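Colleague: Dropping in start-v1.txt, which is compact mmCIF, C-alpha atoms:
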# COMPACT_ATOMS: atom_id res chain seq x y z
CA MET Y 26 18.76 20.38 -29.89
CA GLN Y 27 22.03 18.68 -30.88
CA PRO Y 28 21.64 15.33 -32.64
CA ALA Y 29 22.28 12.42 -30.30
CA ALA Y 30 25.85 11.17 -30.16
CA ALA Y 31 26.59 7.58 -31.15
CA VAL Y 32 26.87 4.97 -28.44
CA ASN Y 33 28.14 1.43 -28.22
CA THR Y 34 27.48 -1.50 -25.96
CA GLU Y 35 30.78 -1.18 -24.14
CA GLU Y 36 30.09 2.40 -23.16
CA LEU Y 37 26.68 1.49 -21.81
CA LEU Y 38 28.04 -1.43 -19.82
CA ALA Y 39 30.71 0.87 -18.40
CA LEU Y 40 27.99 3.33 -17.43
CA LEU Y 41 26.00 0.58 -15.73
CA SER Y 42 29.11 -0.55 -13.93
CA GLU Y 43 29.87 2.95 -12.69
CA ILE Y 44 26.34 3.69 -11.54
CA THR Y 45 25.64 0.38 -9.83
CA GLY Y 46 29.12 0.01 -8.40
CA ASN Y 47 29.64 -3.45 -9.89
CA PRO Y 48 32.89 -4.41 -11.64
CA ARG Y 49 32.54 -4.31 -15.41
CA ASP Y 50 33.22 -8.02 -15.81
CA GLY Y 51 30.58 -8.75 -13.18
CA ILE Y 52 27.80 -7.46 -15.41
CA ARG Y 53 26.60 -10.19 -17.77
CA GLY Y 54 24.35 -9.53 -20.74
CA ASP Y 55 22.03 -12.36 -19.80
CA GLY Y 56 21.92 -11.29 -16.16
CA LEU Y 57 18.62 -10.22 -14.66
CA LEU Y 58 18.41 -6.55 -13.79
CA THR Y 59 16.48 -7.37 -10.62
CA GLU Y 60 19.47 -9.40 -9.46
CA LEU Y 61 22.03 -6.73 -10.33
CA PRO Y 62 23.23 -5.22 -7.03
CA GLY Y 63 22.64 -1.46 -6.95
CA TRP Y 64 19.97 -1.51 -9.65
CA ASP Y 65 17.03 0.39 -8.21
CA SER Y 66 14.90 3.42 -9.04
CA LEU Y 67 17.71 5.77 -8.06
CA ALA Y 68 20.08 3.98 -10.44
CA ILE Y 69 17.46 4.20 -13.20
CA LEU Y 70 17.12 7.92 -12.57
CA GLU Y 71 20.87 8.38 -12.76
CA VAL Y 72 21.05 6.41 -16.01
CA MET Y 73 18.30 8.63 -17.45
CA VAL Y 74 20.13 11.80 -16.44
CA ARG Y 75 23.52 10.57 -17.72
CA LEU Y 76 22.10 9.45 -21.07
CA ASP Y 77 20.37 12.78 -21.42
CA GLU Y 78 23.55 14.72 -20.61
CA THR Y 79 25.87 12.56 -22.69
CA TYR Y 80 23.75 11.52 -25.65
CA GLY Y 81 20.96 14.11 -25.63
CA VAL Y 82 18.28 11.45 -25.31
CA MET Y 83 15.62 11.56 -22.66
CA LEU Y 84 14.41 8.01 -22.15
CA SER Y 85 11.00 7.28 -20.72
CA PRO Y 86 11.06 5.39 -17.41
CA ASP Y 87 8.85 2.84 -19.15
CA SER Y 88 11.82 1.94 -21.36
CA PHE Y 89 13.48 0.49 -18.29
CA GLU Y 90 10.43 -1.23 -16.86
CA PHE Y 91 9.96 -3.39 -19.94
CA CYS Y 92 13.51 -4.74 -19.73
CA THR Y 93 14.25 -7.72 -17.54
CA ARG Y 94 17.80 -8.54 -18.67
CA VAL Y 95 20.90 -6.37 -19.00
CA ASP Y 96 21.19 -6.99 -22.75
CA GLU Y 97 17.55 -6.03 -23.26
CA LEU Y 98 18.25 -2.77 -21.48
CA ILE Y 99 21.32 -2.14 -23.64
CA GLN Y 100 19.34 -2.87 -26.82
CA SER Y 101 16.51 -0.60 -25.71
CA VAL Y 102 18.83 2.28 -24.94
CA MET Y 103 20.74 1.87 -28.21
CA HIS Y 104 17.46 1.76 -30.09
CA GLU Y 105 16.24 4.97 -28.45
CA ILE Y 106 19.52 6.75 -29.08
CA GLY Y 107 19.58 5.50 -32.65
CA ALA Y 108 16.03 6.75 -33.22
CA ALA Y 109 16.94 10.15 -31.79
CA ARG Y 110 19.83 10.43 -34.23
CA GLN Y 111 17.57 9.94 -37.25
CA VAL O 29 -17.30 42.62 -17.48
CA ASN O 30 -16.92 38.92 -16.82
CA ARG O 31 -19.15 37.64 -14.09
CA ALA O 32 -19.51 34.14 -12.68
CA VAL O 33 -22.89 32.48 -13.11
CA LEU O 34 -24.13 29.20 -11.70
CA ARG O 35 -25.13 27.37 -14.87
CA ALA O 36 -26.05 23.81 -13.92
CA ILE O 37 -26.12 21.28 -11.09
CA GLU O 38 -26.31 17.50 -11.10
CA TYR O 39 -26.05 15.05 -8.27
CA TYR O 40 -25.46 11.38 -7.65
CA LEU O 41 -26.85 9.16 -4.91
CA PRO O 42 -25.69 5.57 -4.43
CA SER O 43 -28.30 2.95 -5.24
CA ASN O 44 -28.10 1.21 -1.87
CA CYS O 45 -30.94 2.65 0.21
CA VAL O 46 -31.05 2.07 3.97
CA THR O 47 -34.49 2.68 5.43
CA ASN O 48 -35.41 3.51 8.99
CA ALA O 49 -37.09 0.12 9.23
CA ARG O 50 -33.75 -1.49 8.54
CA LEU O 51 -31.96 0.67 11.07
CA ALA O 52 -34.61 -0.27 13.60
CA GLU O 53 -33.10 -3.75 13.56
CA THR O 54 -30.02 -2.19 15.14
CA PHE O 55 -31.35 0.67 17.20
CA GLY O 56 -34.86 -0.59 18.01
CA VAL O 57 -38.25 0.64 16.84
CA ARG O 58 -38.78 3.09 19.66
CA ALA O 59 -35.40 4.68 19.17
CA MET O 60 -35.94 4.98 15.45
CA ASP O 61 -39.31 6.64 16.00
CA LEU O 62 -37.55 9.22 18.13
CA ILE O 63 -34.71 9.60 15.65
CA THR O 64 -37.13 10.04 12.77
CA ARG O 65 -39.02 12.71 14.67
CA MET O 66 -35.79 14.46 15.54
CA THR O 67 -34.03 14.22 12.21
CA GLY O 68 -36.83 14.01 9.67
CA VAL O 69 -34.79 11.44 7.78
CA GLU O 70 -36.70 8.41 6.49
CA GLU O 71 -33.99 6.77 4.46
CA ARG O 72 -30.44 7.44 3.35
CA ARG O 73 -28.14 6.20 0.61
CA VAL O 74 -24.99 4.29 1.41
CA ALA O 75 -22.07 3.85 -0.95
CA ARG O 76 -20.80 0.39 -1.75
CA ASP O 77 -17.78 -0.78 0.22
CA GLU O 78 -15.45 -0.03 -2.67
CA GLU O 79 -17.21 3.18 -3.70
CA CYS O 80 -15.44 6.37 -2.64
CA ALA O 81 -16.47 10.02 -2.75
CA SER O 82 -14.39 10.55 -5.86
CA ASP O 83 -16.27 7.74 -7.65
CA MET O 84 -19.56 9.41 -6.86
CA ALA O 85 -18.23 12.82 -7.91
CA VAL O 86 -17.23 11.30 -11.26
CA GLU O 87 -20.77 9.97 -11.69
CA ALA O 88 -22.28 13.36 -10.88
CA SER O 89 -19.91 15.02 -13.34
CA ARG O 90 -20.84 12.58 -16.10
CA LYS O 91 -24.49 13.43 -15.53
CA LEU O 92 -23.61 17.10 -15.90
CA PHE O 93 -21.81 16.50 -19.19
CA ASP O 94 -24.60 14.22 -20.44
CA SER O 95 -27.11 17.00 -19.73
CA GLY O 96 -25.39 19.11 -22.38
CA ALA O 97 -24.36 21.85 -19.94
CA CYS O 98 -20.82 21.70 -21.31
CA THR O 99 -18.23 19.22 -22.49
CA PRO O 100 -15.31 17.88 -20.42
CA GLY O 101 -12.93 19.73 -22.72
CA GLU O 102 -14.46 23.06 -21.79
CA ILE O 103 -13.66 22.77 -18.09
CA ASP O 104 -10.55 24.67 -17.10
CA PHE O 105 -10.69 24.37 -13.30
CA LEU O 106 -11.85 21.59 -10.98
CA LEU O 107 -12.50 22.13 -7.29
CA PHE O 108 -13.37 19.14 -5.09
CA CYS O 109 -14.76 19.73 -1.64
CA THR O 110 -14.49 16.53 0.38
CA GLU O 111 -13.75 15.17 3.81
CA SER O 112 -13.32 11.68 2.41
CA PRO O 113 -10.46 11.84 -0.09
CA ASP O 114 -9.22 8.61 -1.63
CA TYR O 115 -5.74 9.17 -0.25
CA PHE O 116 -3.67 11.64 1.74
CA LEU O 117 -1.91 12.17 -1.53
CA PRO O 118 -2.47 12.79 -4.33
CA ALA O 119 -5.49 15.07 -4.20
CA SER O 120 -8.63 13.29 -5.37
CA ALA O 121 -9.20 16.21 -7.75
CA CYS O 122 -6.19 15.00 -9.74
CA LEU O 123 -7.62 11.49 -9.99
CA ILE O 124 -10.97 12.91 -11.09
CA GLN O 125 -9.34 15.12 -13.75
CA HIS O 126 -7.83 12.01 -15.29
CA ARG O 127 -10.98 9.89 -15.04
CA LEU O 128 -13.13 12.57 -16.63
CA GLY O 129 -10.62 13.19 -19.39
CA LEU O 130 -10.30 16.87 -18.58
CA ALA O 131 -7.48 18.75 -20.29
CA LYS O 132 -4.07 18.63 -18.67
CA THR O 133 -4.17 22.42 -18.57
CA THR O 134 -6.99 22.15 -16.01
CA GLY O 135 -6.25 23.43 -12.52
CA ALA O 136 -7.46 21.00 -9.87
CA PHE O 137 -7.30 20.68 -6.11
CA ASP O 138 -9.23 19.40 -3.08
CA PHE O 139 -10.34 21.50 -0.19
CA ASN O 140 -11.42 20.07 3.13
CA LEU O 141 -14.65 21.50 4.43
CA GLY O 142 -17.99 19.97 5.33
CA CYS O 143 -21.34 21.62 5.29
CA SER O 144 -20.01 25.10 4.61
CA GLY O 145 -17.97 23.83 1.67
CA PHE O 146 -20.25 24.48 -1.26
CA VAL O 147 -20.52 28.20 -0.53
CA TYR O 148 -16.76 28.39 -0.12
CA GLY O 149 -16.46 26.59 -3.45
CA LEU O 150 -18.70 29.13 -5.12
CA SER O 151 -16.48 31.86 -3.74
CA LEU O 152 -13.36 30.19 -5.10
CA ALA O 153 -15.01 29.66 -8.47
CA LYS O 154 -16.20 33.26 -8.62
CA GLY O 155 -12.70 34.47 -7.75
CA LEU O 156 -11.14 32.32 -10.45
CA ILE O 157 -13.60 33.43 -13.10
CA GLU O 158 -13.89 37.11 -12.33
CA THR O 159 -10.13 37.55 -12.19
CA GLY O 160 -9.79 35.94 -15.60
CA GLN O 161 -8.04 32.78 -14.40
CA ALA O 162 -10.77 30.41 -15.53
CA ASN O 163 -13.85 30.36 -17.75
CA ARG O 164 -15.61 27.21 -16.62
CA VAL O 165 -15.20 25.79 -13.15
CA LEU O 166 -16.45 22.33 -12.21
CA LEU O 167 -17.21 22.51 -8.51
CA LEU O 168 -17.60 19.05 -7.03
CA THR O 169 -18.70 18.02 -3.57
CA GLY O 170 -18.72 14.48 -2.29
CA ASP O 171 -18.56 12.56 0.95
CA THR O 172 -19.10 9.09 2.33
CA PRO O 173 -20.06 9.66 5.97
CA SER O 174 -21.25 6.05 6.12
CA LYS O 175 -17.58 5.08 6.07
CA PHE O 176 -16.29 7.44 8.75
CA MET O 177 -19.09 8.36 11.14
CA ASP O 178 -19.72 6.09 14.11
CA GLY O 179 -22.02 3.36 12.85
CA GLU O 180 -23.07 2.39 16.37
CA ASP O 181 -24.07 5.87 17.45
CA ARG O 182 -27.77 6.36 16.96
CA SER O 183 -27.36 10.13 16.98
CA VAL O 184 -25.00 9.94 14.05
CA ARG O 185 -25.59 7.00 11.77
CA PRO O 186 -29.24 7.67 10.87
CA LEU O 187 -28.58 11.31 10.07
CA PHE O 188 -26.01 11.16 7.34
CA GLY O 189 -26.16 9.92 3.75
CA ASP O 190 -23.54 9.47 1.05
CA SER O 191 -23.71 11.61 -2.10
CA ALA O 192 -21.86 13.78 -4.57
CA THR O 193 -22.71 16.83 -6.68
CA ALA O 194 -21.32 18.57 -9.72
CA THR O 195 -21.93 22.27 -10.35
CA LEU O 196 -20.91 24.25 -13.39
CA ILE O 197 -19.97 27.87 -12.81
CA GLU O 198 -19.01 29.79 -15.91
CA ALA O 199 -18.08 33.22 -17.16
CA GLU O 200 -20.68 35.44 -18.76
CA SER O 201 -20.71 39.09 -19.73
CA GLY O 202 -23.00 41.12 -17.54
CA PRO O 203 -23.09 44.26 -15.44
CA ASP O 204 -24.12 42.88 -12.06
CA PRO O 205 -22.68 40.06 -9.98
CA ALA O 206 -24.66 36.83 -10.32
CA ILE O 207 -23.01 35.21 -7.29
CA GLY O 208 -22.14 36.95 -4.04
CA PRO O 209 -21.43 38.85 -1.90
CA PHE O 210 -20.19 36.37 0.64
CA VAL O 211 -19.97 36.14 4.38
CA PHE O 212 -17.43 33.79 5.93
CA GLY O 213 -16.84 32.68 9.47
CA THR O 214 -14.53 30.35 11.37
CA ASP O 215 -14.37 29.32 15.02
CA GLY O 216 -11.90 26.54 15.61
CA SER O 217 -12.87 26.29 19.28
CA GLY O 218 -15.77 24.11 18.13
CA ALA O 219 -13.52 21.63 16.35
CA ALA O 220 -14.04 18.81 18.84
CA HIS O 221 -17.80 18.81 18.36
CA LEU O 222 -17.72 17.51 14.83
CA CYS O 223 -14.54 15.59 14.49
CA LEU O 224 -12.91 12.48 13.10
CA GLU O 225 -9.58 11.99 14.87
CA GLU O 226 -8.52 8.63 13.48
CA GLY O 227 -6.86 8.42 10.12
CA GLY O 228 -5.26 11.85 10.26
CA PHE O 229 -1.68 12.33 11.33
CA ARG O 230 -2.21 13.32 14.97
CA TYR O 231 -3.73 9.97 15.94
CA LEU O 232 -2.52 7.92 13.03
CA SER O 233 -1.27 5.22 15.38
CA GLY O 234 -4.07 5.60 17.89
CA LYS O 235 -3.72 6.71 21.50
CA ASP O 236 -1.66 5.37 24.37
CA GLU O 237 -3.02 4.49 27.82
CA ALA O 238 -2.92 8.15 28.83
CA GLY O 239 -4.90 9.18 25.79
CA GLN O 240 -1.88 10.76 24.16
CA PRO O 241 -1.11 10.19 20.49
CA ARG O 242 1.27 7.34 19.80
CA SER O 243 4.29 8.13 17.72
CA ILE O 244 3.42 8.61 14.08
CA CYS O 245 6.60 6.72 13.25
CA GLN O 246 4.90 3.58 14.58
CA ALA O 247 2.29 3.72 11.88
CA GLY O 248 4.47 1.94 9.32
CA LEU O 249 3.41 4.21 6.50
CA LYS O 250 4.95 3.52 3.13
CA GLY O 251 4.49 6.52 0.90
CA ARG O 252 5.94 5.85 -2.53
CA LEU O 253 8.06 8.01 -4.82
CA ASP O 254 9.06 6.63 -8.20
CA GLY O 255 12.02 8.89 -8.92
CA PRO O 256 12.46 8.10 -12.64
CA HIS O 257 8.82 8.72 -13.48
CA VAL O 258 8.67 11.92 -11.43
CA PHE O 259 11.87 13.16 -13.05
CA ASP O 260 10.44 12.35 -16.48
CA PHE O 261 7.20 14.14 -15.63
CA ALA O 262 8.99 17.24 -14.36
CA VAL O 263 11.36 17.72 -17.28
CA ARG O 264 8.62 17.15 -19.84
CA THR O 265 5.94 19.28 -18.17
CA VAL O 266 7.52 22.27 -16.46
CA PRO O 267 9.31 23.87 -19.45
CA PRO O 268 6.18 24.06 -21.64
CA ALA O 269 4.17 25.34 -18.68
CA ILE O 270 6.67 28.15 -18.20
CA GLU O 271 6.63 28.98 -21.90
CA GLU O 272 2.85 29.16 -21.70
CA LEU O 273 3.03 31.44 -18.67
CA LEU O 274 5.43 33.78 -20.46
CA ARG O 275 3.19 33.80 -23.53
CA LYS O 276 0.12 34.59 -21.42
CA SER O 277 1.88 37.34 -19.50
CA GLY O 278 3.54 38.89 -22.54
CA ALA O 279 6.86 38.73 -20.70
CA VAL O 280 10.09 37.32 -22.03
CA ALA O 281 12.46 35.16 -20.03
CA GLU O 282 15.09 37.88 -19.95
CA GLU O 283 12.74 40.10 -17.94
CA ILE O 284 12.54 37.57 -15.12
CA ASP O 285 14.90 38.41 -12.30
CA LEU O 286 14.57 35.23 -10.29
CA PHE O 287 13.32 31.73 -11.05
CA VAL O 288 12.05 30.00 -7.93
CA PHE O 289 10.96 26.47 -8.67
CA HIS O 290 9.74 23.84 -6.27
CA GLN O 291 12.94 22.66 -4.65
CA ALA O 292 12.44 19.08 -5.75
CA SER O 293 15.94 17.65 -6.08
CA LYS O 294 19.30 18.59 -7.50
CA VAL O 295 18.93 16.58 -10.70
CA ILE O 296 15.47 17.88 -11.49
CA LEU O 297 16.39 21.52 -10.81
CA GLU O 298 19.61 21.24 -12.79
CA ARG O 299 17.88 19.61 -15.74
CA LEU O 300 15.12 22.22 -15.78
CA ARG O 301 17.65 25.03 -15.59
CA ASN O 302 19.55 23.58 -18.54
CA ILE O 303 16.45 22.99 -20.66
CA LEU O 304 15.19 26.50 -20.05
CA GLY O 305 18.61 28.11 -20.39
CA ILE O 306 18.30 29.98 -17.10
CA PRO O 307 21.51 31.69 -15.97
CA GLU O 308 22.87 30.46 -12.64
CA SER O 309 22.67 33.99 -11.27
CA LYS O 310 18.89 34.05 -11.72
CA PHE O 311 18.19 30.54 -10.46
CA CYS O 312 17.17 29.79 -6.91
CA ARG O 313 18.50 26.60 -5.37
CA ASP O 314 18.14 26.61 -1.61
CA PHE O 315 17.20 23.37 0.05
CA SER O 316 20.38 21.59 0.98
CA ASP O 317 19.77 22.18 4.67
CA CYS O 318 16.08 21.38 4.73
CA GLY O 319 15.40 18.96 1.89
CA ASN O 320 12.39 18.89 -0.37
CA THR O 321 9.80 20.54 1.82
CA ILE O 322 6.88 19.88 -0.56
CA ALA O 323 4.49 22.85 -0.73
CA SER O 324 6.68 24.88 1.61
CA SER O 325 9.75 24.76 -0.62
CA ILE O 326 8.85 27.75 -2.79
CA PRO O 327 7.96 30.13 0.05
CA ILE O 328 11.05 29.05 2.02
CA ALA O 329 13.29 29.67 -0.99
CA LEU O 330 11.56 32.99 -1.65
CA LYS O 331 11.98 34.15 1.94
CA ARG O 332 15.66 33.30 1.91
CA ALA O 333 16.16 35.04 -1.43
CA TRP O 334 14.43 38.06 0.01
CA GLU O 335 16.65 38.04 3.10
CA ARG O 336 19.74 37.77 0.93
CA GLY O 337 18.78 40.78 -1.13
CA ARG O 338 17.96 38.83 -4.28
CA ILE O 339 14.45 40.28 -4.12
CA GLY O 340 13.69 43.98 -3.88
CA ALA O 341 11.65 46.74 -5.45
CA GLY O 342 11.13 46.01 -9.12
CA THR O 343 11.97 42.31 -8.88
CA THR O 344 9.94 39.93 -11.00
CA ALA O 345 10.07 36.31 -9.87
CA LEU O 346 8.77 33.31 -11.74
CA LEU O 347 7.43 30.61 -9.45
CA ALA O 348 6.71 27.05 -10.56
CA GLY O 349 5.35 24.21 -8.46
CA PHE O 350 5.05 20.62 -9.65
CA GLY O 351 4.66 17.20 -8.11
CA VAL O 352 2.11 14.86 -6.62
CA GLY O 353 -1.00 14.42 -8.70
CA TYR O 354 0.69 14.97 -11.05
CA SER O 355 -0.11 18.64 -10.60
CA TRP O 356 1.74 21.75 -11.67
CA SER O 357 1.37 25.51 -11.57
CA ALA O 358 3.35 28.61 -12.43
CA THR O 359 2.94 32.33 -11.94
CA LEU O 360 4.78 35.63 -11.86
CA VAL O 361 5.14 37.77 -8.75
CA ARG O 362 6.26 41.37 -8.96
CA TRP O 363 7.59 43.45 -6.08
CA SER O 364 6.91 47.19 -6.13
Would you mind writing the file's structure down as structure tokens?

Modeller:
Amino acid sequence: MQPAAAVNTEELLALLSEITGNPRDGIRGDGLLTELPGWDSLAILEVMVRLDETYGVMLSPDSFEFCTRVDELIQSVMHEIGAARQ
Amino acid sequence: VNRAVLRAIEYYLPSNCVTNARLAETFGVRAMDLITRMTGVEERRVARDEECASDMAVEASRKLFDSGACTPGEIDFLLFCTESPDYFLPASACLIQHRLGLAKTTGAFDFNLGCSGFVYGLSLAKGLIETGQANRVLLLTGDTPSKFMDGEDRSVRPLFGDSATATLIEAESGPDPAIGPFVFGTDGSGAAHLCLEEGGFRYLSGKDEAGQPRSICQAGLKGRLDGPHVFDFAVRTVPPAIEELLRKSGAVAEEIDLFVFHQASKVILERLRNILGIPESKFCRDFSDCGNTIASSIPIALKRAWERGRIGAGTTALLAGFGVGYSWSATLVRWS
């Protein structure tokens, strides 16, 4: 297995924007995921697949369920990817 | 030679006992006298409102383990015969596997039969053991007729009682069969004489004025699928199961001509193919015109592969099913 590639917040926000169909500047860090249009289980699945393909990290669905805000999700994903790179 | 032997049996009866005297309050003393003479039943046990057949089967199983017959970790197959499953899906056997703490390598499924079911279960257990697919089979039976038989029918309600059993069938060396032979019989023309129509799919929404089934679409069912969790389950579970199958069979992946997995979804199939390093030419993906057809997806994909010449003499196919339960399975099929 290749070590996970590095990731930054901007890339993750761009990914969220692409998958949910919201403009990048319409996604606020303190915004609630439940209020983010297009954020549903299908979007979560697509994020999981894209992170796996791009960064070689398979996140547990639970990682998403514990996050209520966009910035919490970003932090969680970066943490997981960081851990996988160790 | 491995033979299947019936090693131990335990059973569970709910604590709530309903006597004939109590039923006489509903049906009358004279009627109950007649019923008692006809049925020979003096009292019966009735499960609590929230107590299901699977709950009772778990209790019976715990008694079996407590008796020292075997440990939960030694069970490698669970069969649950019931006409009162917790849900349409998943199989109650999967719920019981988890509650009993049986290994995740345990095979488990329900089968729907009534009074003939235990003998059928013995046959299944014997087949599993004597073909080397299992060493210790936990055969469970359980039903709550108090919840589904007509409570106002004096010919029905006094007769039935709720219960569950747990039987251990295990492998033992020996020259002669310890279970069997078997005789089986089926006559579906008698189906209407012992029947529960409501709750199943044909009359899920009841009947219209003409006695015809109302549209099932009117039932407002809301089956759930949590895509991320199912995806996570599939990609974490199927690859090791296939590695285990190859190890057991002594085959190597290169010898497999065709991989036919449950046609779950594009992302799951693609991820599994990547993880396992299966070449596109050996991978079966054939569901775009019919969707995920659940248990039918593997045989449909196989049939189509056969028709297209991807299967012929000498072909070895690896089949893998996975999904609701969670439950998974894999095997090799060879064409000669």

Colleague: Between O:Pro209, O:Pro256, O:Gly342, O:Gly170, single out the one closest to Leu41 in chain O, counting all atoms listed in the file.

Modeller: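 Closest to Leu41 in chain O of all the choices is O:Gly170.
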
Colleague: Select, from O:Ala85, O:Val69, O:Leu222, O:Leu166, the residue with the minimum atom-to-atom distance to Pro100 in chain O, counting all atoms listed in the file.

Modeller: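 Ranking O:Ala85, O:Val69, O:Leu222, O:Leu166 by distance to Pro100 in chain O, first place goes to O:Leu166.
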
Colleague: Would you mind listing, for every residue of chain O within 7 Å of chain Y, the two atoms forming the shortest contact and the distance between them in Å to one decimal, using all atoms listed in the file, sorted by chain and ascending residue number, as JSON lines?

Modeller:
{"residue": "O:Asp254", "atom": "CA", "partner": "Y:Ser66", "partner_atom": "CA", "distance": 6.7}
{"residue": "O:Gly255", "atom": "CA", "partner": "Y:Ser66", "partner_atom": "CA", "distance": 6.2}
{"residue": "O:Pro256", "atom": "CA", "partner": "Y:Leu70", "partner_atom": "CA", "distance": 4.7}
{"residue": "O:His257", "atom": "CA", "partner": "Y:Pro86", "partner_atom": "CA", "distance": 5.6}
{"residue": "O:Asp260", "atom": "CA", "partner": "Y:Ser85", "partner_atom": "CA", "distance": 6.6}

Colleague: Write to file, as a compact mmCIF listing (two decimals), keeping the file's coordinate frame, the residues of the selection just made, with C-alpha atoms.

Modeller:
# COMPACT_ATOMS: atom_id res chain seq x y z
CA ASP O 254 9.06 6.63 -8.20
CA GLY O 255 12.02 8.89 -8.92
CA PRO O 256 12.46 8.10 -12.64
CA HIS O 257 8.82 8.72 -13.48
CA ASP O 260 10.44 12.35 -16.48

Colleague: If we count all atoms listed in the file, what is near Cys45 in chain O at a cut-off of 10 Å, once residues fewer than 4 positions away on the same chain are taken out, given as a CSV table (one decimal) with C-alpha atoms, in the frame of the given file?

Modeller:
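Listing of out39.csv after writing:
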chain,number,residue,atom,x,y,z
O,41,LEU,CA,-26.8,9.2,-4.9
O,50,ARG,CA,-33.8,-1.5,8.5
O,71,GLU,CA,-34.0,6.8,4.5
O,72,ARG,CA,-30.4,7.4,3.4
O,73,ARG,CA,-28.1,6.2,0.6
O,74,VAL,CA,-25.0,4.3,1.4
O,75,ALA,CA,-22.1,3.8,-1.0
O,189,GLY,CA,-26.2,9.9,3.8

Colleague: I'd like the interatomic distance between CA of Ala88 in chain O and CA of Ala192 in chain O, to a tenth of an Å.

Modeller: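 According to the coordinates, CA of Ala88 in chain O and CA of Ala192 in chain O are separated by 6.3 Å.
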
Colleague: Figure out the distance between CA of Thr133 in chain O and CA of Lys154 in chain O, please, to one decimal in Å.

Modeller: 19.0 Å

Colleague: Which residue out of O:Gly278, O:Glu70, O:Thr172, O:Asn30 has the minimum interatomic distance to Ala49 in chain O when all atoms listed in the file are used?

Modeller: O:Glu70

Colleague: Contacts of Asp171 in chain O at 9 Å or less, counting only C-alpha atoms, minus same-chain residues fewer than 4 places along, as a PyMOL selection string?

Modeller: chain O and resi 80-82+84-85+109-113+142+189-192

Colleague: Keeping only C-alpha atoms, write the selected residues as a short mmCIF file (atom, residue, chain, number, x, y, z; two decimals), keeping the file's coordinate frame.

Modeller:
data_model
loop_
_atom_site.label_atom_id
_atom_site.label_comp_id
_atom_site.auth_asym_id
_atom_site.auth_seq_id
_atom_site.Cartn_x
_atom_site.Cartn_y
_atom_site.Cartn_z
CA CYS O 80 -15.44 6.37 -2.64
CA ALA O 81 -16.47 10.02 -2.75
CA SER O 82 -14.39 10.55 -5.86
CA MET O 84 -19.56 9.41 -6.86
CA ALA O 85 -18.23 12.82 -7.91
CA CYS O 109 -14.76 19.73 -1.64
CA THR O 110 -14.49 16.53 0.38
CA GLU O 111 -13.75 15.17 3.81
CA SER O 112 -13.32 11.68 2.41
CA PRO O 113 -10.46 11.84 -0.09
CA GLY O 142 -17.99 19.97 5.33
CA GLY O 189 -26.16 9.92 3.75
CA ASP O 190 -23.54 9.47 1.05
CA SER O 191 -23.71 11.61 -2.10
CA ALA O 192 -21.86 13.78 -4.57
#

Colleague: What does the distance between CA of Asp138 in chain O and CA of Ser120 in chain O come to in Å, to one decimal place?

Modeller: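 Computing the Euclidean distance for CA of Asp138 in chain O and CA of Ser120 in chain O yields 6.6 Å.
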
Colleague: Using all atoms listed in the file, collect all residues at a distance of at most 7 Å from (-14.3, 10.1, -12.9) as written in the file, then present them as a ChimeraX atom specification.

Modeller: /O:83,85-87,124,127-128

Colleague: At most 10 Å from (26.9, 0.7, -23.3), file frame, all atoms listed in the file: which residues, as a PyMOL selection string?

Modeller: chain Y and resi 32-42+96+98-100+102-103

Colleague: With a distance cut-off of 10 Å and only C-alpha atoms, select the neighbouring residues of Ile37 in chain O, excluding the residue or stretch itself and same-chain residues fewer than 6 positions from it, and output the selection as number ranges by chain.

Modeller: O: 88-89, 91-92, 95, 97, 166-168, 193-197

Colleague: Would you put the residues from that selection into a file with C-alpha atoms, as a PDB file, in the coordinates of the input?

Modeller:
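So the final result, stored in again-v3.pdb, reads:
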ATOM      1  CA  ALA O  88     -22.280  13.360 -10.880  1.00  0.00           C
ATOM      2  CA  SER O  89     -19.910  15.020 -13.340  1.00  0.00           C
ATOM      3  CA  LYS O  91     -24.490  13.430 -15.530  1.00  0.00           C
ATOM      4  CA  LEU O  92     -23.610  17.100 -15.900  1.00  0.00           C
ATOM      5  CA  SER O  95     -27.110  17.000 -19.730  1.00  0.00           C
ATOM      6  CA  ALA O  97     -24.360  21.850 -19.940  1.00  0.00           C
ATOM      7  CA  LEU O 166     -16.450  22.330 -12.210  1.00  0.00           C
ATOM      8  CA  LEU O 167     -17.210  22.510  -8.510  1.00  0.00           C
ATOM      9  CA  LEU O 168     -17.600  19.050  -7.030  1.00  0.00           C
ATOM     10  CA  THR O 193     -22.710  16.830  -6.680  1.00  0.00           C
ATOM     11  CA  ALA O 194     -21.320  18.570  -9.720  1.00  0.00           C
ATOM     12  CA  THR O 195     -21.930  22.270 -10.350  1.00  0.00           C
ATOM     13  CA  LEU O 196     -20.910  24.250 -13.390  1.00  0.00           C
ATOM     14  CA  ILE O 197     -19.970  27.870 -12.810  1.00  0.00           C
TER      15      ILE O 197
END

Colleague: Counting all atoms listed in the file, figure out which residue out of Y:His104, Y:Arg110, Y:Val95, Y:Gly54 gets nearest to Gly81 in chain Y.

Modeller: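 Of all the options, Y:Arg110 lies closest to Gly81 in chain Y.
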
Colleague: Counting only C-alpha atoms, what is within 10 Å of Thr343 in chain O, bar same-chain residues fewer than 2 positions away, as a PyMOL selection string?

Modeller: chain O and resi 283-286+338-341+345-346+361-364

Colleague: Mind checking which residues fall within 8 Å of Gly63 in chain Y, counting only C-alpha atoms, ignoring those fewer than 2 positions away in the same chain, and posting them as a list in words?

Modeller: Ile44, Thr45, Gly46, Asn47, Leu61, Asp65 and Ala68 of chain Y
